[in-house]
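Novice: Coordinates in coords.txt, compact mmCIF, C-alpha atoms, are listed below.
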# COMPACT_ATOMS: atom_id res chain seq x y z
CA MET A 1 0.00 0.00 0.00
CA ARG A 2 1.11 3.54 -0.75
CA VAL A 3 -0.41 6.82 0.33
CA ILE A 4 -2.46 8.60 -2.32
CA ASN A 5 -1.31 12.15 -1.67
CA ARG A 6 2.47 12.21 -1.45
CA LEU A 7 4.68 14.99 -0.19
CA PRO A 8 8.44 15.22 -0.69
CA PRO A 9 10.42 15.66 2.51
CA LEU A 10 11.82 19.13 3.11
CA PRO A 11 15.58 19.62 3.62
CA HIS A 12 16.56 18.34 7.09
CA GLU A 13 12.95 17.33 7.87
CA SER A 14 12.33 14.55 10.38
CA LEU A 15 10.31 11.40 9.73
CA GLU A 16 7.99 12.38 12.57
CA SER A 17 7.25 15.63 10.75
CA LEU A 18 6.72 13.98 7.37
CA LEU A 19 4.32 11.47 8.92
CA GLY A 20 2.31 14.33 10.38
CA ARG A 21 2.18 16.26 7.10
CA LEU A 22 1.27 13.14 5.09
CA GLY A 23 -1.40 12.24 7.61
CA ALA A 24 -2.96 15.69 7.24
CA ALA A 25 -2.70 15.58 3.42
CA ASN A 26 -4.44 12.19 3.36
CA ARG A 27 -6.92 13.07 6.15
CA TYR A 28 -5.72 10.45 8.59
CA PRO A 29 -6.41 11.28 12.25
CA ASN A 30 -2.96 10.35 13.61
CA GLN A 31 0.32 8.66 12.79
CA SER A 32 -1.04 5.16 13.49
CA TRP A 33 -2.40 5.06 9.95
CA CYS A 34 1.01 3.84 8.70
CA LEU A 35 1.31 1.05 11.29
CA PRO A 36 1.91 -1.76 12.01
CA LEU A 37 5.45 -2.06 10.72
CA PRO A 38 7.08 -5.49 10.27
CA GLN A 39 8.71 -7.29 13.17
CA PRO A 40 10.74 -6.70 15.29
CA PRO A 41 8.73 -4.15 17.31
CA ALA A 42 9.36 -0.59 16.16
CA PRO A 43 10.27 2.26 18.54
CA ARG A 44 7.47 4.67 19.39
CA ASP A 45 9.48 7.60 18.05
CA PRO A 46 9.58 7.42 14.21
CA ASN A 47 12.88 9.35 14.23
CA ARG A 48 14.51 6.36 15.96
CA LEU A 49 13.66 3.77 13.31
CA CYS A 50 16.83 1.93 12.34
CA HIS A 51 15.88 -1.66 11.48
CA PRO A 52 16.23 -2.36 7.71
CA ALA A 53 12.74 -3.94 7.57
CA HIS A 54 11.18 -0.82 9.08
CA LEU A 55 13.07 1.53 6.77
CA LYS A 56 12.10 -0.54 3.74
CA ALA A 57 8.41 -0.54 4.73
CA VAL A 58 8.39 3.23 5.24
CA GLY A 59 10.04 3.75 1.85
CA GLU A 60 7.46 1.59 0.10
CA LEU A 61 4.60 3.37 1.86
CA PHE A 62 5.81 6.84 0.91
CA GLY A 63 7.28 5.95 -2.47
CA LEU A 64 10.74 6.96 -1.31
CA ASP A 65 14.08 5.54 -2.39
CA PRO A 66 15.31 3.17 0.37
CA GLY A 67 18.49 5.21 0.69
CA GLU A 68 16.50 8.37 1.43
CA VAL A 69 14.55 7.04 4.41
CA PRO A 70 17.48 6.97 6.91
CA LYS A 71 18.04 10.66 6.16
CA LEU A 72 14.73 11.35 7.90
CA THR A 73 15.80 9.53 11.09
CA LEU A 74 18.55 9.88 13.67
CA ALA A 75 20.53 7.37 11.61
CA ARG A 76 21.31 10.34 9.37
CA PHE A 77 23.72 11.62 12.01
CA GLU A 78 25.52 8.29 12.47
CA PRO A 79 28.70 9.17 10.54
CA TYR A 80 28.92 12.63 12.13
CA LEU A 81 28.42 11.52 15.74
CA THR A 82 30.23 8.18 15.70
CA GLY A 83 32.61 8.38 12.74
CA ILE A 84 31.09 5.13 11.40
CA ARG A 85 30.07 5.34 7.75
CA PRO A 86 26.70 3.91 6.61
CA ARG A 87 26.62 0.47 5.06
CA GLU A 88 27.09 0.67 1.31
CA SER A 89 25.47 -2.57 0.14
CA GLU A 90 22.20 -4.34 0.86
CA GLU A 91 24.19 -7.50 1.48
CA GLN A 92 25.59 -5.88 4.66
CA ALA A 93 22.10 -5.06 5.93
CA GLY A 94 21.42 -8.56 7.29
CA VAL A 95 21.12 -9.83 10.85
CA ALA A 96 24.67 -8.87 11.85
CA ALA A 97 24.21 -5.34 10.52
CA GLU A 98 20.90 -5.03 12.36
CA THR A 99 22.65 -5.79 15.65
CA ALA A 100 25.41 -3.29 14.89
CA GLY A 101 22.86 -0.66 13.93
CA ASN A 102 21.04 -1.04 17.22
CA GLY A 103 24.35 -0.58 19.04
CA ARG A 104 25.08 2.60 17.14
CA ILE A 105 21.62 3.97 17.91
CA GLU A 106 22.58 3.62 21.59
CA VAL A 107 25.56 5.88 20.87
CA LEU A 108 23.29 8.38 19.13
CA GLU A 109 21.04 8.47 22.20
CA ARG A 110 23.79 10.33 24.07
CA TYR A 111 23.18 13.26 21.78
CA ALA A 112 19.42 13.06 21.13
CA HIS A 113 16.54 14.20 23.30
CA GLY A 114 14.31 11.54 24.79
CA GLN A 115 10.84 10.62 23.61
CA GLY A 116 8.37 13.46 23.99
CA ARG A 117 10.96 16.20 24.33
CA GLY A 118 12.31 18.38 21.59
CA LYS A 119 12.88 21.92 20.39
CA VAL A 120 11.64 24.10 17.55
CA CYS A 121 12.50 27.35 15.84
CA ARG A 122 9.22 29.22 15.96
CA GLU A 123 9.99 31.09 12.71
CA CYS A 124 10.94 27.93 10.78
CA LEU A 125 7.81 26.23 12.09
CA ARG A 126 5.67 29.19 11.02
CA GLU A 127 7.22 29.28 7.54
CA THR A 128 7.28 25.56 6.72
CA GLY A 129 5.00 23.78 9.18
CA ALA A 130 7.71 21.11 9.48
CA LEU A 131 9.94 19.81 12.26
CA MET A 132 13.65 19.70 11.44
CA LEU A 133 15.59 16.59 12.45
CA PRO A 134 18.60 18.51 13.91
CA TRP A 135 16.25 20.01 16.51
CA SER A 136 16.23 16.54 18.11
CA LEU A 137 19.91 16.87 19.10
CA ARG A 138 20.90 18.28 22.48
CA LEU A 139 23.89 20.16 21.05
CA VAL A 140 21.66 22.04 18.57
CA THR A 141 20.41 25.04 20.54
CA ALA A 142 19.74 27.79 17.98
CA CYS A 143 18.57 28.30 14.40
CA PRO A 144 21.32 29.42 11.99
CA ALA A 145 18.84 30.99 9.56
CA HIS A 146 16.91 33.16 12.02
CA ARG A 147 19.56 33.36 14.78
CA LEU A 148 16.98 32.50 17.40
CA LEU A 149 17.31 30.27 20.43
CA LEU A 150 15.20 27.15 19.95
CA SER A 151 12.07 26.82 22.07
CA GLU A 152 10.90 23.77 23.97
CA ARG A 153 8.09 21.96 22.15
CA ARG A 154 6.16 21.27 25.33
CA GLY A 155 3.49 23.87 26.08
CA GLU A 156 3.05 27.19 24.35
CA LEU A 157 5.99 28.66 22.50
CA PRO A 158 7.58 31.49 24.48
CA THR A 159 8.84 34.71 22.99
CA ALA A 160 11.81 33.94 20.75
CA VAL A 161 15.24 34.89 22.12
CA SER A 162 17.72 36.30 19.59
CA VAL A 163 21.37 35.23 19.60
CA ALA A 164 22.31 37.64 16.80
CA GLU A 165 24.53 39.73 19.11
CA ASP A 166 26.20 36.71 20.74
CA ALA A 167 29.41 36.03 18.80
CA ARG A 168 30.21 32.81 20.63
CA GLY A 169 26.60 31.64 20.33
CA ILE A 170 26.63 32.27 16.59
CA ALA A 171 29.93 30.40 16.28
CA LEU A 172 28.47 27.51 18.30
CA THR A 173 25.43 27.33 16.02
CA LYS A 174 27.49 27.36 12.83
CA LEU A 175 29.92 24.77 14.17
CA VAL A 176 27.29 22.29 15.37
CA TRP A 177 25.07 22.51 12.28
CA SER A 178 28.16 22.10 10.11
CA ALA A 179 29.44 19.18 12.20
CA VAL A 180 26.19 17.21 11.85
CA GLY A 181 26.11 17.70 8.08
CA CYS A 182 23.25 20.22 7.97
CA GLY A 183 25.17 23.42 7.28
CA GLU A 184 28.18 24.50 5.32
CA SER A 185 31.12 22.14 4.97
CA PHE A 186 33.08 21.39 8.13
CA PRO A 187 34.82 23.37 9.49
CA PRO A 188 32.81 26.49 8.56
CA ALA A 189 34.46 29.59 7.14
CA GLY A 190 35.46 32.66 9.12
CA LEU A 191 37.48 30.98 11.90
CA ARG A 192 41.06 31.64 13.02
CA GLN A 193 43.58 29.38 11.33
CA GLU A 194 44.59 27.98 14.72
CA THR A 195 40.97 27.01 15.37
CA VAL A 196 40.63 25.49 11.90
CA ASN A 197 43.75 23.40 12.51
CA LEU A 198 42.36 22.20 15.84
CA LEU A 199 39.01 21.29 14.30
CA GLY A 200 40.85 19.47 11.53
CA VAL A 201 42.52 17.27 14.13
CA MET A 202 39.22 16.54 15.90
CA GLY A 203 36.88 16.14 12.93
CA SER A 204 33.10 16.31 13.34
CA PRO A 205 32.78 13.41 15.83
CA GLY A 206 35.63 14.78 17.92
CA LEU A 207 34.15 18.27 18.09
CA LEU A 208 30.72 17.01 19.15
CA CYS A 209 32.27 14.71 21.75
CA PHE A 210 34.45 17.57 23.04
CA LEU A 211 31.42 19.85 23.40
CA ARG A 212 29.50 17.23 25.35
CA ARG A 213 32.31 16.10 27.65
CA MET A 214 33.95 19.47 28.25
CA GLY A 215 30.55 21.05 28.86
CA GLY A 216 29.94 18.56 31.67
CA LEU A 217 33.40 19.15 33.17
CA LEU A 218 32.94 22.93 33.22
CA LEU A 219 29.52 22.55 34.81
CA ARG A 220 31.06 20.61 37.67
CA HIS A 221 34.39 22.41 38.08
CA ASP A 222 34.21 25.96 36.65
CA ARG A 223 31.38 27.42 38.68
CA GLY A 224 33.41 30.59 39.17
CA ASN A 225 32.99 31.43 35.49
CA PRO A 226 30.49 34.34 35.27
CA ALA A 227 29.36 33.09 31.84
CA LEU A 228 27.91 30.03 33.58
CA SER A 229 25.92 32.03 36.14
CA PRO A 230 22.58 31.48 34.29
CA VAL A 231 22.94 27.73 34.85
CA GLY A 232 21.51 26.13 37.98
CA GLY A 233 24.11 25.14 40.57
CA ASP A 234 23.00 21.50 40.74
CA ALA A 235 23.47 20.81 37.02
CA ARG A 236 26.08 18.12 36.33
CA ASP A 237 25.51 17.21 32.71
CA ILE A 238 24.33 18.78 29.45
CA ARG A 239 21.41 16.32 29.34
CA SER A 240 19.85 17.86 32.45
CA LEU A 241 19.78 21.41 31.06
CA GLY A 242 17.12 23.43 29.28
CA THR A 243 17.87 24.87 25.87
CA GLY A 244 19.00 28.29 27.13
CA GLU A 245 21.26 26.80 29.79
CA ALA A 246 22.79 24.31 27.36
CA HIS A 247 23.41 27.13 24.88
CA ALA A 248 25.26 29.11 27.57
CA VAL A 249 27.48 26.18 28.57
CA LEU A 250 28.28 25.11 25.00
CA SER A 251 29.06 28.71 24.03
CA VAL A 252 31.68 28.77 26.79
CA VAL A 253 33.23 25.56 25.40
CA VAL A 254 33.28 27.04 21.88
CA GLY A 255 34.96 30.12 23.34
CA LEU A 256 37.83 27.87 24.41
CA LEU A 257 38.30 26.70 20.82
CA LEU A 258 38.00 30.16 19.28
CA ASP A 259 40.93 31.49 21.33
CA TRP A 260 42.88 28.30 21.99
CA PRO A 261 45.12 27.86 23.96
CA LEU A 262 45.04 31.17 25.90
CA SER A 263 41.39 30.82 26.88
CA TRP A 264 42.08 27.25 28.00
CA TYR A 265 44.97 28.31 30.23
CA GLU A 266 42.84 31.09 31.75
CA THR A 267 40.14 28.52 32.47
CA LEU A 268 42.62 26.17 34.13
CA ASP A 269 43.95 29.01 36.32
CA ARG A 270 40.42 29.93 37.42
CA ILE A 271 39.47 26.31 38.17
CA ALA A 272 42.70 25.78 40.12
CA GLU A 273 41.95 28.75 42.38
CA GLY A 274 38.50 27.32 43.04
CA GLU A 275 40.00 24.05 44.20
CA VAL A 276 42.38 25.47 46.85
CA GLU A 277 40.14 24.12 49.60
CA HIS A 278 40.35 20.53 48.34
CA THR A 279 41.84 17.99 50.70
CA ARG A 280 45.28 16.52 50.09
CA ASP A 281 43.97 13.23 48.73
CA ARG A 282 42.02 14.86 45.89
CA VAL A 283 43.19 16.17 42.54
CA GLY A 284 39.83 17.49 41.38
CA PHE A 285 39.76 18.79 37.84
CA PRO A 286 43.02 17.18 36.60
CA LEU A 287 41.70 13.74 37.54
CA ALA A 288 38.31 14.46 35.98
CA LEU A 289 39.98 15.71 32.79
CA ALA A 290 42.15 12.61 32.52
CA SER A 291 39.12 10.37 33.05
CA ALA A 292 36.87 12.17 30.54
CA PHE A 293 39.46 12.34 27.76
CA LYS A 294 41.47 9.16 28.19
CA GLU A 295 41.39 7.93 24.57
CA ALA A 296 44.44 8.25 22.33
CA GLU A 297 42.76 10.73 19.99
CA TRP A 298 42.87 13.36 22.72
CA ARG A 299 46.66 13.54 22.81
CA TRP A 300 46.54 17.14 21.64
CA LEU A 301 44.50 17.98 24.75
CA HIS A 302 46.89 15.94 26.90
CA ARG A 303 49.83 17.93 25.51
CA SER A 304 48.06 21.20 26.26
CA TRP A 305 47.78 20.12 29.91
CA ASP A 306 51.50 19.33 30.03
CA THR A 307 52.31 22.72 28.50
CA PHE A 308 50.19 24.45 31.13
CA VAL A 309 51.77 22.53 34.01
CA GLU A 310 55.32 23.06 32.77
CA GLY A 311 54.71 26.77 32.15
CA ARG A 312 53.26 27.33 35.61
CA ALA A 313 56.08 25.32 37.21
CA ARG A 314 58.65 27.75 35.76
CA SER A 315 56.79 30.81 37.01
CA ARG A 316 55.51 31.75 40.44
CA PRO A 317 52.31 29.68 40.65
CA THR A 318 49.18 30.89 42.38
CA PRO A 319 48.04 28.92 45.47
CA GLY A 320 45.56 26.87 43.45
CA VAL A 321 48.02 26.00 40.70
CA TYR A 322 50.70 25.26 43.30
CA ALA A 323 48.37 22.75 44.93
CA TRP A 324 47.96 21.01 41.57
CA LEU A 325 51.72 21.01 40.95
CA HIS A 326 52.49 19.77 44.46
CA ARG A 327 50.14 16.82 44.19
CA HIS A 328 51.11 16.15 40.58
CA TYR A 329 54.87 15.99 41.06
CA GLN A 330 55.19 14.92 44.70
CA GLY A 331 52.73 12.05 44.50
CA LEU A 332 50.39 13.42 47.20
CA GLY A 333 47.23 11.97 45.74
CA PRO A 334 46.70 10.41 42.30
CA ARG A 335 49.43 11.23 39.85
CA ILE A 336 47.83 12.34 36.61
CA VAL A 337 49.96 11.69 33.54
CA LEU A 338 47.86 12.76 30.57
CA CYS A 339 50.44 12.32 27.80
CA THR A 340 50.48 8.79 26.38
Before we go any further, please render this structure as structure tokens.

Specialist:
Amino acid sequence: MRVINRLPPLPHESLESLLGRLGAANRYPNQSWCLPLPQPPAPRDPNRLCHPAHLKAVGELFGLDPGEVPKLTLARFEPYLTGIRPRESEEQAGVAAETAGNGRIEVLERYAHGQGRGKVCRECLRETGALMLPWSLRLVTACPAHRLLLSERRGELPTAVSVAEDARGIALTKLVWSAVGCGESFPPAGLRQETVNLLGVMGSPGLLCFLRRMGGLLLRHDRGNPALSPVGGDARDIRSLGTGEAHAVLSVVVGLLLDWPLSWYETLDRIAEGEVEHTRDRVGFPLALASAFKEAEWRWLHRSWDTFVEGRARSRPTPGVYAWLHRHYQGLGPRIVLCT
């Protein structure tokens, strides 16, 4: 069976949105008109469909090319978030590939909002009547076209908040949309060459991982940063934040990259001073940094830590930095060796 009135998907549109528009065009009361899908059981959220049988059934129903259907789901972001390229032959889409696909969807869940929660750009929604798939991602906090902070979908839409005068917020928006393949090529134009070089080392998956992990570290350890004052004091992770709070935290992380490494060293100095009161058996931020970025691909970050430590050791360190150096070199507490 195929629907009578067909609609082509809009650029970056989600499957959830297309189902809603097709349902209205064909006068179906809700999205259940396209169900049931073949076994195994399908997720309740259409944007999380990943099983080949489900994707094939949806393509047949809408008259879409099978290769186009994953572009309407979170699977679209697989190569940008995980670095794993999509399967290139139907032969690889068997039972083994289904299992691997389910595992990769679990990785994508770290970046996507849960069922029933999402964000919208009120101007995009007014102009197109469609929901864009990138709005489902936690790291997407603003619209690059209208330069507006995204609004929560739950309840009435509040007054739109502009980010047009926020240089770091604009940079964050361009970087994230580019990194997930929905903007200009990565890295976007207009950045310092030092930043471009750093982004070239990280790639899209590395940038998105850095935003998520470093955002959580700063939430827990850089509470003296005035730029983080709008964020509630109990927040420990990006996932627990509203859109405005997440935008503030991620903008701070992007600020580190835009002026690397000076902004990073300033951040380390500030965090060190905030940890002066720590007991002798704790290392605080250095230990957390080593734990969060322990993989080999973060060697450039490890080297930046060594450069900071060595530079401060040659100068007259502040009390906070001295406490780090003392524990680091004298073995009073865990010895953190980030370079591998």

Novice: Expressed in Å to a single decimal, how great is the separation between CA of Val309 (chain A) and CA of Ala292 (chain A)?

Specialist: 18.5 Å

Novice: Name all residues at most 7 Å from region 239-256 of chain A (count only C-alpha atoms; drop same-chain ones fewer than 3 positions away) and give them as a list in words.

Specialist: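 My list of contacting residues is Thr141, Leu150, Arg168, Gly169, Leu172, Leu211, Met214, Gly215, Leu228, Pro230, Val231, Ala235, Asp259, Trp260, Ser263 and Trp264 of chain A.
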
Novice: Write out as a list in words the residues lying within 9 Å of region 184-197 of chain A, counting all atoms listed in the file and excluding same-chain residues fewer than 6 positions away.

Specialist: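 Contacts, with the query itself left out: Ala171, Lys174, Leu175, Trp177, Ser178, Gly203, Ser204, Leu257, Leu258, Asp259 and Trp260 of chain A.
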
Novice: CA of Leu22 (chain A) to CA of Thr73 (chain A): how many Å, to one decimal?

Specialist: 16.1 Å

Novice: Do a neighbour search on Tyr322 (chain A) at 9 Å with all atoms listed in the file, toss out local chain neighbours closer than 5 positions, and write the hits as a ChimeraX atom specification.

Specialist: /A:272,312-313,316-317,327

Novice: CA of Arg303 (chain A) and CA of Pro79 (chain A), how far apart in Å?

Specialist: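 Here the two named atoms are 27.3 Å from each other.
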
Novice: Pick out the closest residue to Ala57 (chain A) from this set: A:Arg110, A:Arg213, A:Arg21, A:Arg2. Count all atoms listed in the file.

Specialist: A:Arg2

Novice: Using all atoms listed in the file, which of A:Leu61, A:Leu15, A:Val140, A:Leu199 sits nearest Cys182 (chain A)?

Specialist: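 Under the stated criterion, the closest residue is A:Val140.
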
Novice: Give the padded box for region 303-316 of chain A as JSON: axis-aligned, covering all atoms listed in the file, 5 Å on each side, centre and edge lengths in Å to one decimal.

Specialist:
{"center_x": 53.2, "center_y": 24.8, "center_z": 33.0, "size_x": 20.9, "size_y": 23.8, "size_z": 24.9}

Novice: Give me the residues within 9 Å of Gly284 (chain A) as a list of chain:residue names, counting all atoms listed in the file and dropping any in the same chain fewer than 2 places off.

Specialist: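 Counting only the stated atoms, we get A:His221, A:Ala272, A:Glu275, A:His278, A:Arg282, A:Pro286, A:Leu287, A:Ala288, A:Leu289, A:Trp324.
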
Novice: Determine, counting all atoms listed in the file, which protein, DNA and RNA residues have an atom within 12 Å of an atom of Glu273 (chain A); residues of the same chain fewer than 3 positions away are not included. Present the result as an MDAnalysis selection string.

Specialist: chainID A and resid 221:225 266:270 276:278 284:285 317:324

Novice: Given the point (0.0, 13.4, 5.5) in the coordinates of this file, which residues lie within 10 Å, counting all atoms listed in the file, and how would they look as a list in words?

Specialist: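 Checking each residue against the 10 Å limit leaves Val3, Ile4, Asn5, Arg6, Leu7, Ser17, Leu18, Leu19, Gly20, Arg21, Leu22, Gly23, Ala24, Ala25, Asn26, Arg27, Tyr28, Pro29, Asn30, Gln31, Trp33 and Phe62 of chain A.
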
Novice: Counting all atoms listed in the file, note down every residue that has an atom within 12 Å of the point (12.9, 4.3, 2.9) (file coordinates), as a list in words.

Specialist: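 Using all atoms listed in the file, the matching residues come out as Pro9, Leu15, Leu49, Cys50, His51, Pro52, Ala53, His54, Leu55, Lys56, Ala57, Val58, Gly59, Glu60, Leu61, Phe62, Gly63, Leu64, Asp65, Pro66, Gly67, Glu68, Val69, Pro70, Lys71, Leu72, Thr73 and Ala75 of chain A.
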
Novice: Could you check the closest approach to Met202 (chain A) for each of A:Gly129, A:Gly181, A:Gly118, A:Gly83 and tell me which residue wins, using all atoms listed in the file?

Specialist: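 So, comparing all the options, the nearest one is A:Gly83.
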
Novice: Could you tell me which of A:Phe308, A:Tyr111, A:Ser229, A:Leu131 comes closest to Arg212 (chain A) if we count only C-alpha atoms?

Specialist: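 Under the stated criterion, the closest residue is A:Tyr111.
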
Novice: Select, from A:Ile271, A:Leu219, A:Ala142, A:Leu262, the residue with the minimum atom-to-atom distance to Asp234 (chain A), counting all atoms listed in the file.

Specialist: A:Leu219

Novice: For a quick check of understanding, using only C-alpha atoms, which of A:Gly232, A:Leu133, A:Leu148, A:Ala160 has the smallest distance to Thr173 (chain A)?

Specialist: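 Answer, going by the shortest atom-to-atom distance: A:Leu148.
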